[in-house]
file work11.txt (compact mmCIF, C-alpha atoms)
# COMPACT_ATOMS: atom_id res chain seq x y z
CA MET A 1 131.88 110.38 160.85
CA GLU A 2 135.29 108.83 160.85
CA ARG A 3 134.94 105.60 158.96
CA ARG A 4 138.49 104.41 158.65
CA LYS A 5 140.18 103.91 161.96
CA PHE A 6 142.82 101.27 162.35
CA LEU A 7 144.36 100.83 165.75
CA PHE A 8 147.44 98.73 165.34
CA GLY A 9 149.13 97.20 168.35
CA ILE A 10 152.06 99.57 168.04
CA GLY A 11 152.85 99.45 171.76
CA THR A 12 153.00 95.69 171.71
CA VAL A 13 155.32 95.62 168.76
CA ALA A 14 157.72 98.14 170.33
CA ALA A 15 157.78 96.50 173.74
CA GLY A 16 158.24 92.98 172.51
CA GLY A 17 160.88 93.96 170.07
CA ALA A 18 159.06 91.79 167.58
CA ALA A 19 159.07 94.51 165.04
CA ALA A 20 157.61 92.23 162.44
CA MET A 21 155.41 94.83 160.84
CA GLY A 22 155.91 93.06 157.57
CA THR A 23 153.24 91.65 155.36
CA GLY A 24 150.03 91.08 157.17
CA ALA A 25 151.31 90.69 160.72
CA PHE A 26 148.96 92.01 163.33
CA THR A 27 148.27 91.52 166.97
CA SER A 28 144.98 93.31 167.09
CA VAL A 29 142.89 95.54 164.91
CA GLU A 30 139.67 97.41 165.47
CA ALA A 31 137.72 98.97 162.65
CA ASP A 32 134.75 101.29 163.12
CA ARG A 33 132.05 100.77 160.55
CA GLY A 34 128.85 102.71 160.11
CA VAL A 35 125.49 101.08 160.64
CA SER A 36 122.40 102.94 159.56
CA VAL A 37 119.21 101.69 161.19
CA THR A 38 115.72 102.93 160.47
CA VAL A 39 113.16 102.31 163.21
CA ALA A 40 109.71 102.43 161.68
CA ASP A 41 106.07 102.23 162.65
CA ASP A 42 104.93 98.72 163.48
CA SER A 43 102.64 98.88 160.45
CA GLY A 44 105.59 99.08 158.04
CA ALA A 45 108.30 97.16 159.86
CA PHE A 46 109.98 93.94 158.71
CA LEU A 47 107.57 92.16 161.02
CA ALA A 48 104.56 94.40 160.59
CA LEU A 49 101.83 94.64 163.21
CA SER A 50 98.70 96.52 162.26
CA GLU A 51 95.21 96.97 163.62
CA SER A 52 92.62 94.78 161.97
CA ASP A 53 89.88 96.25 159.81
CA GLY A 54 87.16 94.86 162.09
CA PRO A 55 85.37 96.42 165.06
CA ASN A 56 87.65 94.74 167.60
CA ALA A 57 90.49 96.86 166.31
CA ALA A 58 89.20 99.16 169.04
CA TYR A 59 91.11 96.97 171.50
CA ALA A 60 94.34 97.79 169.71
CA GLU A 61 95.98 101.16 169.86
CA VAL A 62 99.05 102.65 168.26
CA ASN A 63 101.23 105.00 170.30
CA GLY A 64 104.39 106.40 168.76
CA GLY A 65 104.16 103.85 165.98
CA GLU A 66 103.99 100.93 168.41
CA LEU A 67 100.95 98.70 168.59
CA SER A 68 99.58 97.66 171.97
CA VAL A 69 96.45 95.88 173.07
CA SER A 70 94.19 96.86 175.98
CA LEU A 71 91.56 94.36 177.04
CA ASP A 72 89.61 96.57 179.40
CA ALA A 73 86.73 95.57 181.62
CA VAL A 74 87.09 91.84 181.12
CA ASN A 75 84.70 89.87 183.35
CA ASP A 76 86.12 88.11 186.36
CA ASN A 77 85.50 84.36 186.53
CA ALA A 78 84.69 84.11 182.85
CA GLU A 79 86.26 83.07 179.59
CA THR A 80 86.38 86.06 177.28
CA ILE A 81 87.22 85.75 173.61
CA VAL A 82 88.18 88.81 171.61
CA ARG A 83 88.69 87.97 167.93
CA ASP A 84 90.27 89.90 165.08
CA VAL A 85 92.26 92.59 166.92
CA PHE A 86 95.38 92.89 164.77
CA ASP A 87 97.31 91.36 161.85
CA ILE A 88 100.92 90.21 161.54
CA THR A 89 102.63 90.57 158.14
CA ASN A 90 106.03 89.31 157.05
CA ASN A 91 107.73 92.18 155.22
CA GLY A 92 111.04 90.36 155.08
CA THR A 93 112.49 88.40 152.19
CA GLN A 94 112.41 84.90 153.67
CA ASP A 95 109.81 82.49 155.04
CA VAL A 96 109.43 82.86 158.80
CA TYR A 97 107.57 80.99 161.51
CA VAL A 98 105.56 83.28 163.76
CA TRP A 99 104.35 82.62 167.27
CA ALA A 100 103.81 84.20 170.67
CA GLU A 101 106.06 83.11 173.49
CA GLU A 102 104.20 81.78 176.47
CA PRO A 103 105.03 83.87 179.50
CA SER A 104 107.45 81.90 181.62
CA SER A 105 106.81 83.77 184.83
CA GLY A 106 105.27 86.88 186.26
CA GLU A 107 101.67 87.91 186.38
CA LEU A 108 100.44 85.42 183.82
CA THR A 109 99.91 81.80 184.65
CA GLU A 110 100.13 79.28 181.89
CA GLY A 111 97.00 79.14 179.79
CA SER A 112 95.39 82.20 181.34
CA LEU A 113 95.91 84.36 178.26
CA SER A 114 95.96 82.73 174.84
CA ILE A 115 96.62 84.27 171.48
CA PHE A 116 95.24 82.83 168.26
CA ALA A 117 94.53 83.67 164.63
CA ASP A 118 91.36 83.15 162.62
CA ALA A 119 92.89 83.66 159.19
CA THR A 120 96.19 81.88 158.78
CA PRO A 121 98.02 82.32 155.47
CA ASN A 122 97.54 78.68 154.50
CA GLY A 123 93.90 77.71 154.39
CA ASP A 124 92.35 80.39 156.57
CA GLN A 125 92.42 78.10 159.58
CA ASP A 126 90.17 79.26 162.46
CA ASP A 127 91.16 79.34 166.11
CA TRP A 128 94.78 78.57 165.33
CA SER A 129 96.85 78.90 168.47
CA LEU A 130 99.96 81.08 168.24
CA ASN A 131 101.15 80.13 171.70
CA ALA A 132 104.36 78.22 171.91
CA PRO A 133 107.04 77.88 174.54
CA ALA A 134 110.04 80.11 174.05
CA GLY A 135 112.07 79.08 171.02
CA ASN A 136 109.98 76.02 170.40
CA VAL A 137 107.62 75.75 167.45
CA ASP A 138 106.47 72.65 165.64
CA THR A 139 107.65 73.02 162.06
CA SER A 140 106.55 69.49 161.26
CA ASP A 141 102.95 70.67 161.28
CA PRO A 142 101.86 69.65 157.78
CA SER A 143 99.57 72.61 157.36
CA ASP A 144 102.41 74.99 158.15
CA ASN A 145 99.92 77.35 159.67
CA LEU A 146 102.57 79.32 161.52
CA LYS A 147 104.64 79.83 158.38
CA LEU A 148 104.53 83.24 156.70
CA GLY A 149 106.12 83.68 153.30
CA PRO A 150 107.31 87.15 152.26
CA GLY A 151 104.26 89.39 152.06
CA ASP A 152 101.99 86.86 153.83
CA THR A 153 99.72 87.90 156.66
CA MET A 154 98.61 86.11 159.80
CA ALA A 155 95.28 87.88 160.02
CA GLU A 156 92.60 88.29 162.64
CA VAL A 157 94.77 87.70 165.66
CA GLY A 158 92.74 87.63 168.86
CA PHE A 159 92.89 86.72 172.55
CA ILE A 160 91.26 84.38 175.02
CA VAL A 161 91.25 85.50 178.64
CA ARG A 162 90.38 82.72 181.11
CA ASP A 163 88.88 82.92 184.55
CA ASP A 164 92.07 82.37 186.46
CA PHE A 165 93.55 85.53 185.01
CA ASP A 166 93.20 88.79 186.84
CA PRO A 167 93.67 91.43 184.18
CA SER A 168 93.53 94.23 186.71
CA ASN A 169 96.98 93.15 187.76
CA TYR A 170 98.46 92.74 184.35
CA ASP A 171 100.34 95.30 182.40
CA GLY A 172 102.97 93.32 180.66
CA THR A 173 104.47 92.29 177.41
CA ILE A 174 103.74 89.50 175.03
CA THR A 175 106.70 88.60 172.88
CA LEU A 176 105.93 87.84 169.26
CA VAL A 177 108.64 85.82 167.58
CA ALA A 178 109.40 85.39 163.88
CA LYS A 179 112.26 83.14 162.85
CA THR A 180 113.48 81.53 159.69
CA GLU A 181 113.70 77.76 159.76
CA ASP A 182 117.50 77.98 160.13
CA GLU A 183 117.12 79.93 163.36
CA LEU A 184 114.72 77.52 165.02
CA MET B 1 144.91 99.64 144.01
CA ARG B 2 144.75 102.73 146.15
CA ARG B 3 147.39 102.72 148.83
CA ARG B 4 147.78 105.35 151.43
CA SER B 5 151.00 105.48 153.35
CA PHE B 6 151.44 107.28 156.62
CA VAL B 7 154.75 107.74 158.32
CA VAL B 8 154.29 107.92 162.04
CA GLY B 9 156.96 108.97 164.52
CA LEU B 10 157.24 106.45 167.31
CA GLY B 11 158.98 107.78 170.36
CA GLY B 12 160.66 105.12 172.45
CA VAL B 13 161.70 105.97 176.01
CA ALA B 14 164.00 103.74 178.03
CA THR B 15 164.93 104.65 181.58
CA SER B 16 167.81 103.13 183.41
CA LEU B 17 166.65 101.21 186.46
CA GLY B 18 169.91 100.82 188.25
CA LEU B 19 171.29 98.48 185.68
CA ALA B 20 174.97 97.84 185.68
CA ALA B 21 175.86 100.00 182.81
CA GLY B 22 179.06 99.53 180.94
CA SER B 23 180.92 102.04 178.96
CA GLY B 24 177.75 102.93 177.20
CA ALA B 25 176.13 104.17 180.43
CA PHE B 26 173.11 106.36 180.06
CA THR B 27 170.32 107.62 182.16
CA SER B 28 167.82 107.91 179.48
CA VAL B 29 167.57 107.91 175.81
CA GLU B 30 164.92 108.93 173.42
CA ALA B 31 165.08 107.61 169.94
CA ASP B 32 162.64 108.44 167.23
CA ARG B 33 161.91 105.63 164.85
CA THR B 34 159.60 105.65 161.94
CA VAL B 35 156.74 103.24 161.44
CA ASN B 36 155.19 102.88 158.07
CA VAL B 37 151.48 102.20 158.01
CA ASP B 38 149.70 101.26 154.85
CA VAL B 39 145.96 101.75 154.96
CA GLU B 40 144.23 99.38 152.62
CA GLU B 41 140.75 98.89 151.33
CA ASP B 42 138.72 96.56 153.57
CA TYR B 43 139.00 93.73 151.07
CA ASP B 44 142.78 93.95 151.07
CA ALA B 45 143.51 94.70 154.71
CA VAL B 46 144.98 92.44 157.38
CA LEU B 47 141.50 92.11 158.83
CA LYS B 48 139.62 91.58 155.62
CA LEU B 49 135.99 92.69 155.79
CA GLU B 50 133.75 91.75 152.90
CA GLU B 51 130.09 92.44 152.37
CA VAL B 52 128.03 89.41 151.38
CA GLY B 53 124.95 89.12 149.20
CA ALA B 54 122.78 91.48 147.19
CA GLY B 55 120.27 93.88 148.67
CA GLU B 56 122.64 96.51 150.09
CA ARG B 57 121.99 95.78 153.73
CA SER B 58 125.77 95.52 153.57
CA GLU B 59 127.80 97.24 150.89
CA ILE B 60 131.22 98.67 150.14
CA ASP B 61 131.38 102.45 150.16
CA GLY B 62 134.69 104.20 149.61
CA GLY B 63 136.59 101.01 150.31
CA THR B 64 134.92 100.24 153.63
CA VAL B 65 132.01 98.01 154.50
CA GLU B 66 128.91 99.77 155.74
CA PHE B 67 125.46 98.61 156.73
CA GLU B 68 121.98 99.92 156.12
CA LEU B 69 118.86 98.35 157.60
CA PRO B 70 116.62 97.99 155.68
CA GLY B 71 118.93 97.74 152.67
CA ASP B 72 118.58 100.16 149.78
CA ASP B 73 117.41 97.31 147.57
CA ASP B 74 115.49 95.39 150.23
CA GLY B 75 112.29 95.73 148.19
CA ASP B 76 113.70 94.10 145.05
CA TYR B 77 113.51 90.45 146.04
CA ALA B 78 110.28 89.34 147.64
CA GLY B 79 107.75 92.00 146.76
CA THR B 80 107.90 93.39 150.28
CA THR B 81 108.83 96.94 151.21
CA PRO B 82 109.78 97.14 154.87
CA THR B 83 110.16 100.74 156.02
CA GLY B 84 112.28 99.83 159.01
CA LEU B 85 112.67 97.77 162.13
CA GLY B 86 109.89 97.79 164.69
CA THR B 87 110.59 99.39 168.05
CA ASP B 88 110.93 97.36 171.28
CA SER B 89 112.22 94.45 169.22
CA THR B 90 115.33 92.39 168.71
CA TYR B 91 116.15 91.70 165.06
CA ARG B 92 118.78 89.43 163.64
CA PHE B 93 120.09 89.81 160.09
CA ALA B 94 121.99 86.69 159.07
CA GLY B 95 122.11 87.61 155.40
CA ASP B 96 121.33 90.28 152.88
CA ALA B 97 117.90 90.66 151.29
CA ALA B 98 118.65 88.30 148.41
CA ASP B 99 120.14 85.65 150.68
CA SER B 100 117.81 82.84 151.62
CA GLU B 101 120.51 80.70 153.20
CA GLY B 102 121.69 82.97 156.01
CA GLY B 103 125.25 82.99 154.69
CA GLY B 104 126.21 86.10 156.59
CA LEU B 105 125.81 89.84 156.15
CA PHE B 106 129.59 90.14 156.02
CA THR B 107 132.65 87.97 156.45
CA VAL B 108 135.80 88.59 158.42
CA THR B 109 138.95 86.94 157.05
CA ASN B 110 142.24 86.69 158.92
CA HIS B 111 144.99 87.92 156.61
CA GLY B 112 147.48 88.19 159.43
CA THR B 113 150.10 85.74 160.56
CA GLN B 114 148.55 84.29 163.69
CA PRO B 115 145.12 83.03 164.79
CA VAL B 116 142.74 85.72 165.98
CA ALA B 117 139.37 85.94 167.70
CA VAL B 118 136.76 88.29 166.25
CA TYR B 119 134.37 90.51 168.21
CA GLY B 120 132.11 93.50 167.96
CA ALA B 121 131.92 96.48 170.28
CA GLN B 122 129.74 99.55 170.50
CA THR B 123 130.00 102.60 172.66
CA VAL B 124 126.89 102.52 174.81
CA GLN B 125 124.46 105.18 173.72
CA ASN B 126 121.00 105.62 175.12
CA ASP B 127 117.98 105.93 172.87
CA VAL B 128 119.66 104.55 169.77
CA PRO B 129 119.56 101.00 168.44
CA SER B 130 122.13 98.70 169.97
CA VAL B 131 123.99 96.69 167.31
CA SER B 132 125.86 93.46 168.04
CA VAL B 133 127.87 91.14 165.82
CA PHE B 134 126.98 87.46 165.88
CA ASP B 135 128.42 84.29 164.39
CA VAL B 136 125.73 83.07 161.99
CA GLU B 137 126.74 79.45 162.36
CA SER B 138 126.76 79.21 166.15
CA GLY B 139 124.34 82.07 166.77
CA ALA B 140 126.62 83.43 169.51
CA VAL B 141 126.90 87.18 169.98
CA LEU B 142 130.59 88.12 169.79
CA THR B 143 131.92 90.57 172.35
CA GLU B 144 135.40 91.58 173.47
CA SER B 145 135.05 89.40 176.58
CA ALA B 146 133.40 86.57 174.65
CA PRO B 147 134.84 86.66 171.14
CA SER B 148 134.59 84.08 168.40
CA GLU B 149 136.41 80.81 168.27
CA SER B 150 139.94 81.19 167.05
CA ILE B 151 140.07 82.03 163.33
CA GLY B 152 143.17 80.60 161.68
CA VAL B 153 145.30 82.44 159.15
CA GLY B 154 143.40 82.60 155.87
CA GLU B 155 140.14 81.45 157.45
CA SER B 156 136.88 83.38 157.41
CA LEU B 157 133.96 83.88 159.77
CA ALA B 158 130.45 84.63 158.48
CA CYS B 159 128.83 87.27 160.67
CA GLY B 160 125.43 88.87 161.04
CA LEU B 161 124.12 91.89 162.93
CA GLU B 162 121.70 91.79 165.84
CA VAL B 163 119.82 95.03 166.40
CA ASP B 164 118.00 95.79 169.64
CA THR B 165 115.45 98.59 169.37
CA HIS B 166 114.03 98.41 172.89
CA GLY B 167 113.27 101.92 174.10
CA VAL B 168 114.15 103.45 170.72
CA ASP B 169 111.69 105.91 169.23
CA VAL B 170 110.19 105.47 165.79
CA ARG B 171 111.42 108.19 163.45
CA ASP B 172 111.79 108.88 159.73
CA ASP B 173 115.52 109.56 159.78
CA ALA B 174 117.77 106.54 160.16
CA TYR B 175 119.84 106.23 163.31
CA GLN B 176 123.58 106.33 162.59
CA VAL B 177 125.46 103.94 164.81
CA ALA B 178 129.22 103.31 164.83
CA ARG B 179 130.03 99.69 165.26
CA THR B 180 133.55 98.49 165.99
CA ILE B 181 134.63 95.22 164.47
CA GLY B 182 137.80 93.96 166.07
CA ALA B 183 140.13 91.01 166.14
CA ALA B 184 142.83 90.12 168.62
CA ALA B 185 145.49 87.46 168.49
CA THR B 186 144.57 84.38 170.48
CA VAL B 187 148.14 83.35 171.30

call {"tool": "encode", "arguments": {"input": "work11.txt", "output": "structure tokens"}}
result
Amino acid sequence: MERRKFLFGIGTVAAGGAAAMGTGAFTSVEADRGVSVTVADDSGAFLALSESDGPNAAYAEVNGGELSVSLDAVNDNAETIVRDVFDITNNGTQDVYVWAEEPSSGELTEGSLSIFADATPNGDQDDWSLNAPAGNVDTSDPSDNLKLGPGDTMAEVGFIVRDDFDPSNYDGTITLVAKTEDEL
Amino acid sequence: MRRRSFVVGLGGVATSLGLAAGSGAFTSVEADRTVNVDVEEDYDAVLKLEEVGAGERSEIDGGTVEFELPGDDDGDYAGTTPTGLGTDSTYRFAGDAADSEGGGLFTVTNHGTQPVAVYGAQTVQNDVPSVSVFDVESGAVLTESAPSESIGVGESLACGLEVDTHGVDVRDDAYQVARTIGAAATV
């Protein structure tokens, strides 16, 4: 790979007659630099997602290293709770806040599918909602239950499906977000 | 300091366009002129690129800045050992592994003579991670059509990398992506 490529504005200098190619003058410069990116299994990624060690891990599956959740045969007109499906671990080097973006449109109506954790890193809080509007998380929460330090795990993440949700029509994406406090 | 000099022949072509030519009338002229180009290490070049922070997500190799995600030493700081980025994700790296302040993965300093705007560009490739440059202070992704604010002579911009892995397969070997970092005069 060619790693040193400097494209000086030679044409510009010649045309303008401003042949000031002296110290440091430049009109434009482009430099190609190599970026090496490893794309890993969800279980080992910076934001790691792994199946729980409980029986409801059966609702999670891993295809090509990517974790997905299938809530099959959910009753219509019912509220179904499925606990302890997967875990979220911070493999980064900074504290992050983790949450699930509420779907803004599409097949899901607000509140029809909730995501929560039963074992938060601080205090093992039960039934702790991970839902938050896009880009909006309450960091003033004194228990900091959404905060994951390096190596911390938000464990036993589960789902609540409510009666106004028709899962037969839903094959979509839930966006999990992890951000440092600076990025909030 | 290692300096490499190249002498490049620059062919200039001027064609008469019905100009009233005096005694020096000519139809065309070709004149070869030489242009000297010094190629400098990144830290000494007109567009000065410097890696920031420990952890080797950014590092200097052979005089140029390069990036590796995760960094070679990513596991040395927080007891975590990430094996990579997850697929179908968008990651932002605002600092190296040892950096808790988000001070940038690299800085771009204008060592030229006029203000410039900084941007990133990548040849579109399917099935590989897409890498963008962003301004860590404003959060804005910098592109050729929407570059940074004007960076004055001697001023620096702290930058991070945004990596989009949507549709990119998990694999053991790292993806090698060429990322162009550019700057153009704003006047």

call {"tool": "interface_residues", "arguments": {"input": "work11.txt", "of": "chain A", "to": "chain B", "cutoff": "8 Å", "atoms": "only C-alpha atoms", "output": "PDB file with C-alpha atoms, in the coordinates of the input"}}
result
ATOM      1  CA  ARG A   3     134.940 105.600 158.960  1.00  0.00           C
ATOM      2  CA  ARG A   4     138.490 104.410 158.650  1.00  0.00           C
ATOM      3  CA  ALA A  14     157.720  98.140 170.330  1.00  0.00           C
ATOM      4  CA  THR A  23     153.240  91.650 155.360  1.00  0.00           C
ATOM      5  CA  GLY A  24     150.030  91.080 157.170  1.00  0.00           C
ATOM      6  CA  ALA A  25     151.310  90.690 160.720  1.00  0.00           C
ATOM      7  CA  PHE A  26     148.960  92.010 163.330  1.00  0.00           C
ATOM      8  CA  THR A  27     148.270  91.520 166.970  1.00  0.00           C
ATOM      9  CA  SER A  28     144.980  93.310 167.090  1.00  0.00           C
ATOM     10  CA  VAL A  29     142.890  95.540 164.910  1.00  0.00           C
ATOM     11  CA  GLU A  30     139.670  97.410 165.470  1.00  0.00           C
ATOM     12  CA  ALA A  31     137.720  98.970 162.650  1.00  0.00           C
ATOM     13  CA  ASP A  32     134.750 101.290 163.120  1.00  0.00           C
ATOM     14  CA  ARG A  33     132.050 100.770 160.550  1.00  0.00           C
ATOM     15  CA  GLY A  34     128.850 102.710 160.110  1.00  0.00           C
ATOM     16  CA  VAL A  35     125.490 101.080 160.640  1.00  0.00           C
ATOM     17  CA  SER A  36     122.400 102.940 159.560  1.00  0.00           C
ATOM     18  CA  VAL A  37     119.210 101.690 161.190  1.00  0.00           C
ATOM     19  CA  THR A  38     115.720 102.930 160.470  1.00  0.00           C
ATOM     20  CA  VAL A  39     113.160 102.310 163.210  1.00  0.00           C
ATOM     21  CA  ALA A  40     109.710 102.430 161.680  1.00  0.00           C
ATOM     22  CA  ASP A  41     106.070 102.230 162.650  1.00  0.00           C
ATOM     23  CA  ASP A  42     104.930  98.720 163.480  1.00  0.00           C
ATOM     24  CA  GLY A  44     105.590  99.080 158.040  1.00  0.00           C
ATOM     25  CA  ALA A  45     108.300  97.160 159.860  1.00  0.00           C
ATOM     26  CA  PHE A  46     109.980  93.940 158.710  1.00  0.00           C
ATOM     27  CA  LEU A  47     107.570  92.160 161.020  1.00  0.00           C
ATOM     28  CA  ALA A  48     104.560  94.400 160.590  1.00  0.00           C
ATOM     29  CA  GLY A  64     104.390 106.400 168.760  1.00  0.00           C
ATOM     30  CA  GLY A  65     104.160 103.850 165.980  1.00  0.00           C
ATOM     31  CA  GLU A  66     103.990 100.930 168.410  1.00  0.00           C
ATOM     32  CA  ASN A  91     107.730  92.180 155.220  1.00  0.00           C
ATOM     33  CA  GLY A  92     111.040  90.360 155.080  1.00  0.00           C
ATOM     34  CA  THR A  93     112.490  88.400 152.190  1.00  0.00           C
ATOM     35  CA  GLN A  94     112.410  84.900 153.670  1.00  0.00           C
ATOM     36  CA  PRO A 150     107.310  87.150 152.260  1.00  0.00           C
ATOM     37  CA  GLY A 151     104.260  89.390 152.060  1.00  0.00           C
ATOM     38  CA  ASP A 182     117.500  77.980 160.130  1.00  0.00           C
TER      39      ASP A 182
END

call {"tool": "closest_residue", "arguments": {"input": "work11.txt", "among": "B:Val153, B:Ser138, B:Glu162, B:Val133", "to": "Thr107 of chain B", "atoms": "all atoms listed in the file"}}
result
B:Val133

call {"tool": "atom_distance", "arguments": {"input": "work11.txt", "atom1": "atom CA of Gln125 of chain A", "atom2": "atom CA of Asp95 of chain A"}}
result
18.5 Å

call {"tool": "atom_distance", "arguments": {"input": "work11.txt", "atom1": "atom CA of Asp76 of chain A", "atom2": "atom CA of Ala117 of chain A"}}
result
23.7 Å

call {"tool": "atom_distance", "arguments": {"input": "work11.txt", "atom1": "atom CA of Asp118 of chain A", "atom2": "atom CA of Asp87 of chain A"}}
result
10.2 Å

call {"tool": "residues_around", "arguments": {"input": "work11.txt", "residues": "Glu79 of chain A", "least_positions_apart": "3", "cutoff": "9 Å", "atoms": "all atoms listed in the file", "output": "list in words"}}
result
Val74, Asn75, Asp76, Ile160, Val161, Arg162 and Asp163 of chain A

call {"tool": "build_atoms", "arguments": {"input": "work11.txt", "residues": "segment 108-115 of chain B", "atoms": "all heavy atoms", "output": "tab-separated table (two decimals), in the coordinates of the input"}}
result
chain	number	residue	atom	x	y	z
B	108	VAL	N	134.53	88.09	157.89
B	108	VAL	CA	135.80	88.59	158.42
B	108	VAL	C	136.84	87.52	158.12
B	108	VAL	O	136.67	86.37	158.50
B	108	VAL	CB	135.73	88.82	159.94
B	108	VAL	CG1	137.07	89.34	160.47
B	108	VAL	CG2	134.59	89.77	160.29
B	109	THR	N	137.90	87.89	157.39
B	109	THR	CA	138.95	86.94	157.05
B	109	THR	C	140.26	87.38	157.70
B	109	THR	O	140.61	88.56	157.67
B	109	THR	CB	139.12	86.86	155.52
B	109	THR	OG1	137.87	86.48	154.95
B	109	THR	CG2	140.17	85.82	155.15
B	110	ASN	N	140.96	86.43	158.26
B	110	ASN	CA	142.24	86.69	158.92
B	110	ASN	C	143.36	86.66	157.89
B	110	ASN	O	143.79	85.60	157.46
B	110	ASN	CB	142.47	85.65	160.01
B	110	ASN	CG	143.80	85.83	160.71
B	110	ASN	OD1	144.52	86.79	160.46
B	110	ASN	ND2	144.12	84.89	161.60
B	111	HIS	N	143.85	87.83	157.52
B	111	HIS	CA	144.99	87.92	156.61
B	111	HIS	C	146.26	88.26	157.37
B	111	HIS	O	147.21	88.80	156.79
B	111	HIS	CB	144.73	88.97	155.52
B	111	HIS	CG	144.02	88.39	154.33
B	111	HIS	ND1	143.97	89.02	153.13
B	111	HIS	CD2	143.36	87.23	154.17
B	111	HIS	CE1	143.28	88.28	152.27
B	111	HIS	NE2	142.89	87.20	152.89
B	112	GLY	N	146.28	87.95	158.64
B	112	GLY	CA	147.48	88.19	159.43
B	112	GLY	C	148.38	86.97	159.42
B	112	GLY	O	148.36	86.17	158.48
B	113	THR	N	149.14	86.84	160.49
B	113	THR	CA	150.10	85.74	160.56
B	113	THR	C	149.88	84.84	161.76
B	113	THR	O	150.63	83.90	162.00
B	113	THR	CB	151.54	86.30	160.66
B	113	THR	OG1	151.59	87.19	161.78
B	113	THR	CG2	151.93	87.03	159.40
B	114	GLN	N	148.83	85.15	162.55
B	114	GLN	CA	148.55	84.29	163.69
B	114	GLN	C	147.04	84.22	163.90
B	114	GLN	O	146.31	85.08	163.42
B	114	GLN	CB	149.25	84.82	164.95
B	114	GLN	CG	148.97	86.28	165.24
B	114	GLN	CD	149.86	86.82	166.35
B	114	GLN	OE1	150.29	86.09	167.21
B	114	GLN	NE2	150.11	88.12	166.33
B	115	PRO	N	146.57	83.18	164.58
B	115	PRO	CA	145.12	83.03	164.79
B	115	PRO	C	144.57	84.22	165.59
B	115	PRO	O	145.24	84.73	166.48
B	115	PRO	CB	145.01	81.74	165.60
B	115	PRO	CG	146.29	81.01	165.36
B	115	PRO	CD	147.33	82.07	165.17
